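Contents: one structure, followed by commentary.
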Amino acid sequence: MKKISFLILAAIVVVINYTPLFLGGYMYNEEQAVRRLYPEYSGNKLYEKTEGQHKLIVWSDGNQKMVTVVENKWGWLYRAQNSVVLVRTSQDEPFVRTWSATNHGGHDLSDTLLAVETTESESRKIIVTNEPMDEEPVADLELLKALSGVYIEMDVEQGYAIHYEQLPADQVGGFVFRSIDSEGKILSVHR
């Protein structure tokens with residue numbers, strides 16, 4: 001009887017341990033989920049933000065900074081599903097921006113991750129648009145709203161502005177990032 005009880009208990013432990021892997025790569029906590037995507041993940045979080053069932057984590061492995069989206073399903077399963085690297089090309093560069101979009105199975109929507117790191121101390125918001133490119137960037141924010149298929153405002157917190165959203169696939173790309181101060185003035189424009 002003890003042998004049967006032990007085998008049943010062992011089977012239950014194995015099922016509990018490996019069930020998330022059969023549910024699309026989910027893990028039991030967010031650190032395991034990120035580590036599954038990036039084995040070198042050390043848990044060195046620089047900033048995190050929650051948007052619905054997604055947590056956006058800025059972390060560093062000592063050499064580079066990454067922004068990773070971790071999905072939380074049913075409150076107890078976690079999966080890292082998208083990630084981008086924040087690469088600074090020079091130490092003098094005050095503004096680093098990147099984005100990633102994934103379209104699953106040809107749907108009309110793309111899972112889009114936008115990430116900015118800024119050292120502009122006056123910067124309070126980052127506005128991301130996709131207006132048609134001209135010689136001179138548009139400076140009027142109301143006109144930008146009218147010209148753009150995408151108009152996203154992200155708050156700058158601790159030097160980071162990150163956002164995750166499903167966008168129409170035909171509107172993804174050609175993003176222009178604008179750094180805005182507390183009075184609504186444009187500090188810098190980055191294409």
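Naming works like this for the structure tokens: A, B, ... for the chains as they're shown, residue 1 at the start of each chain, ligands 1 onward in shown order.
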- Message: I'd like the neighbourhood of segment 40-45 of chain A as a PyMOL selection string, where a residue qualifies if any of its atoms comes within 8 Å (using only C-alpha atoms), though same-chain residues fewer than 6 positions away should be ignored.
- Response: chain A and resi 31+34+57-61
Could you save those same residues with C-alpha atoms as an mmCIF file, in the first residue's frame?
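Wrote it out as out.cif, contents follow:
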data_model
loop_
_atom_site.group_PDB
_atom_site.id
_atom_site.type_symbol
_atom_site.label_atom_id
_atom_site.label_comp_id
_atom_site.auth_asym_id
_atom_site.auth_seq_id
_atom_site.Cartn_x
_atom_site.Cartn_y
_atom_site.Cartn_z
ATOM 1 C CA GLU A 31 11.314 34.706 -12.916
ATOM 2 C CA VAL A 34 12.008 34.980 -18.122
ATOM 3 C CA ILE A 57 10.189 44.289 -17.071
ATOM 4 C CA VAL A 58 13.372 46.261 -17.807
ATOM 5 C CA TRP A 59 16.346 44.221 -16.649
ATOM 6 C CA SER A 60 20.081 44.068 -17.153
ATOM 7 C CA ASP A 61 22.457 41.139 -17.466
#
- Task: Assign secondary structure with DSSP using the backbone only, and return the residues of segment 1-186 of chain A in alpha helix (DSSP H) as a count of residues only.
- Result: 36
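Close contacts of Thr102 of chain A, defined as residues with an atom at most 7 Å away when counting only C-alpha atoms, with chain neighbours fewer than 3 positions off set aside, comprise Ser110, Asp111 and Thr112 of chain A.
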- Do a neighbour search on segment 87-97 of chain A at 6 Å with only C-alpha atoms, toss out local chain neighbours closer than 2 positions, and write the hits as a list of chain:residue names. A:Val85, A:Ala115, A:Val116, A:Glu117, A:Thr118, A:Thr119
Residues from last step as file, N, CA and C atoms, as a PDB file, in the first residue's frame:
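Saved as part06.pdb:
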ATOM      1  N   VAL A  85      15.951  44.594 -26.969  1.00  0.00           N
ATOM      2  CA  VAL A  85      17.185  45.061 -26.342  1.00  0.00           C
ATOM      3  C   VAL A  85      17.249  46.575 -26.479  1.00  0.00           C
ATOM      4  N   ALA A 115       9.675  50.570 -26.399  1.00  0.00           N
ATOM      5  CA  ALA A 115      10.524  50.811 -25.233  1.00  0.00           C
ATOM      6  C   ALA A 115      11.458  51.990 -25.482  1.00  0.00           C
ATOM      7  N   VAL A 116      11.591  52.829 -24.454  1.00  0.00           N
ATOM      8  CA  VAL A 116      12.460  54.007 -24.519  1.00  0.00           C
ATOM      9  C   VAL A 116      13.212  54.124 -23.198  1.00  0.00           C
ATOM     10  N   GLU A 117      14.482  54.464 -23.307  1.00  0.00           N
ATOM     11  CA  GLU A 117      15.269  54.871 -22.146  1.00  0.00           C
ATOM     12  C   GLU A 117      15.787  56.266 -22.449  1.00  0.00           C
ATOM     13  N   THR A 118      15.552  57.197 -21.535  1.00  0.00           N
ATOM     14  CA  THR A 118      15.995  58.571 -21.773  1.00  0.00           C
ATOM     15  C   THR A 118      16.738  59.107 -20.555  1.00  0.00           C
ATOM     16  N   THR A 119      17.747  59.910 -20.833  1.00  0.00           N
ATOM     17  CA  THR A 119      18.455  60.614 -19.768  1.00  0.00           C
ATOM     18  C   THR A 119      18.101  62.102 -19.778  1.00  0.00           C
TER      19      THR A 119
END
- Do a neighbour search on segment 121-132 of chain A at 9 Å with only C-alpha atoms, toss out local chain neighbours closer than 5 positions, and write the hits as number ranges by chain. A: 114, 116, 138, 144-157, 159, 161, 171-182, 184, 186-187
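Separating atom CA of Met27 of chain A from atom CA of Asn72 of chain A is a distance of 9.6 Å.
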- Looking at only C-alpha atoms, which of A:Arg191, A:Lys49, A:Arg36, A:Lys55 is the one that sits closest to Asp134 of chain A? A:Arg191
- Nearby residues (only C-alpha atoms) at most 12 Å from His107 of chain A, same-chain spacing under 2 positions excluded, as a VMD selection string: chain A and resid 102 to 105 109 to 111 166 to 170
Any chance you can output those residues with N, CA and C atoms as a PDB file, in the first residue's frame?
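See selection-v4.pdb below for the written result:
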ATOM      1  N   THR A 102       4.906  41.350 -33.253  1.00  0.00           N
ATOM      2  CA  THR A 102       4.745  39.953 -33.632  1.00  0.00           C
ATOM      3  C   THR A 102       3.313  39.741 -34.081  1.00  0.00           C
ATOM      4  N   ASN A 103       3.168  39.185 -35.261  1.00  0.00           N
ATOM      5  CA  ASN A 103       1.842  38.871 -35.786  1.00  0.00           C
ATOM      6  C   ASN A 103       1.679  37.366 -35.748  1.00  0.00           C
ATOM      7  N   HIS A 104       0.717  36.882 -34.975  1.00  0.00           N
ATOM      8  CA  HIS A 104       0.506  35.452 -34.798  1.00  0.00           C
ATOM      9  C   HIS A 104      -0.514  34.927 -35.805  1.00  0.00           C
ATOM     10  N   GLY A 105      -0.047  34.147 -36.743  1.00  0.00           N
ATOM     11  CA  GLY A 105      -0.954  33.454 -37.652  1.00  0.00           C
ATOM     12  C   GLY A 105      -1.690  34.326 -38.637  1.00  0.00           C
ATOM     13  N   LEU A 109      -4.057  41.910 -36.097  1.00  0.00           N
ATOM     14  CA  LEU A 109      -3.425  42.632 -34.999  1.00  0.00           C
ATOM     15  C   LEU A 109      -2.021  42.088 -34.742  1.00  0.00           C
ATOM     16  N   SER A 110      -1.121  42.980 -34.367  1.00  0.00           N
ATOM     17  CA  SER A 110       0.246  42.597 -34.002  1.00  0.00           C
ATOM     18  C   SER A 110       0.489  42.969 -32.550  1.00  0.00           C
ATOM     19  N   ASP A 111       1.065  42.051 -31.782  1.00  0.00           N
ATOM     20  CA  ASP A 111       1.484  42.339 -30.411  1.00  0.00           C
ATOM     21  C   ASP A 111       2.714  43.234 -30.506  1.00  0.00           C
ATOM     22  N   GLN A 166      -1.817  45.603 -28.630  1.00  0.00           N
ATOM     23  CA  GLN A 166      -2.103  45.012 -29.930  1.00  0.00           C
ATOM     24  C   GLN A 166      -2.500  46.154 -30.868  1.00  0.00           C
ATOM     25  N   LEU A 167      -1.765  46.282 -31.975  1.00  0.00           N
ATOM     26  CA  LEU A 167      -2.017  47.331 -32.951  1.00  0.00           C
ATOM     27  C   LEU A 167      -2.400  46.696 -34.281  1.00  0.00           C
ATOM     28  N   PRO A 168      -3.187  47.406 -35.093  1.00  0.00           N
ATOM     29  CA  PRO A 168      -3.485  46.887 -36.431  1.00  0.00           C
ATOM     30  C   PRO A 168      -2.181  46.636 -37.195  1.00  0.00           C
ATOM     31  N   ALA A 169      -2.076  45.473 -37.806  1.00  0.00           N
ATOM     32  CA  ALA A 169      -0.831  45.081 -38.479  1.00  0.00           C
ATOM     33  C   ALA A 169      -0.411  46.090 -39.542  1.00  0.00           C
ATOM     34  N   ASP A 170      -1.362  46.712 -40.199  1.00  0.00           N
ATOM     35  CA  ASP A 170      -1.008  47.671 -41.254  1.00  0.00           C
ATOM     36  C   ASP A 170      -0.551  49.025 -40.698  1.00  0.00           C
TER      37      ASP A 170
END
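From atom CA of Leu56 of chain A back to atom CA of His163 of chain A, the distance works out to 7.7 Å.
With distances restricted to only C-alpha atoms, A:Arg79 is the closest residue to Gly25 of chain A from A:Lys185, A:His54, A:Arg79, A:His190.
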- Item | Shortest interatomic distance to Asn82 of chain A - which of A:Leu9, A:Lys2, A:Glu165, A:Val14, counting only C-alpha atoms | A:Glu165
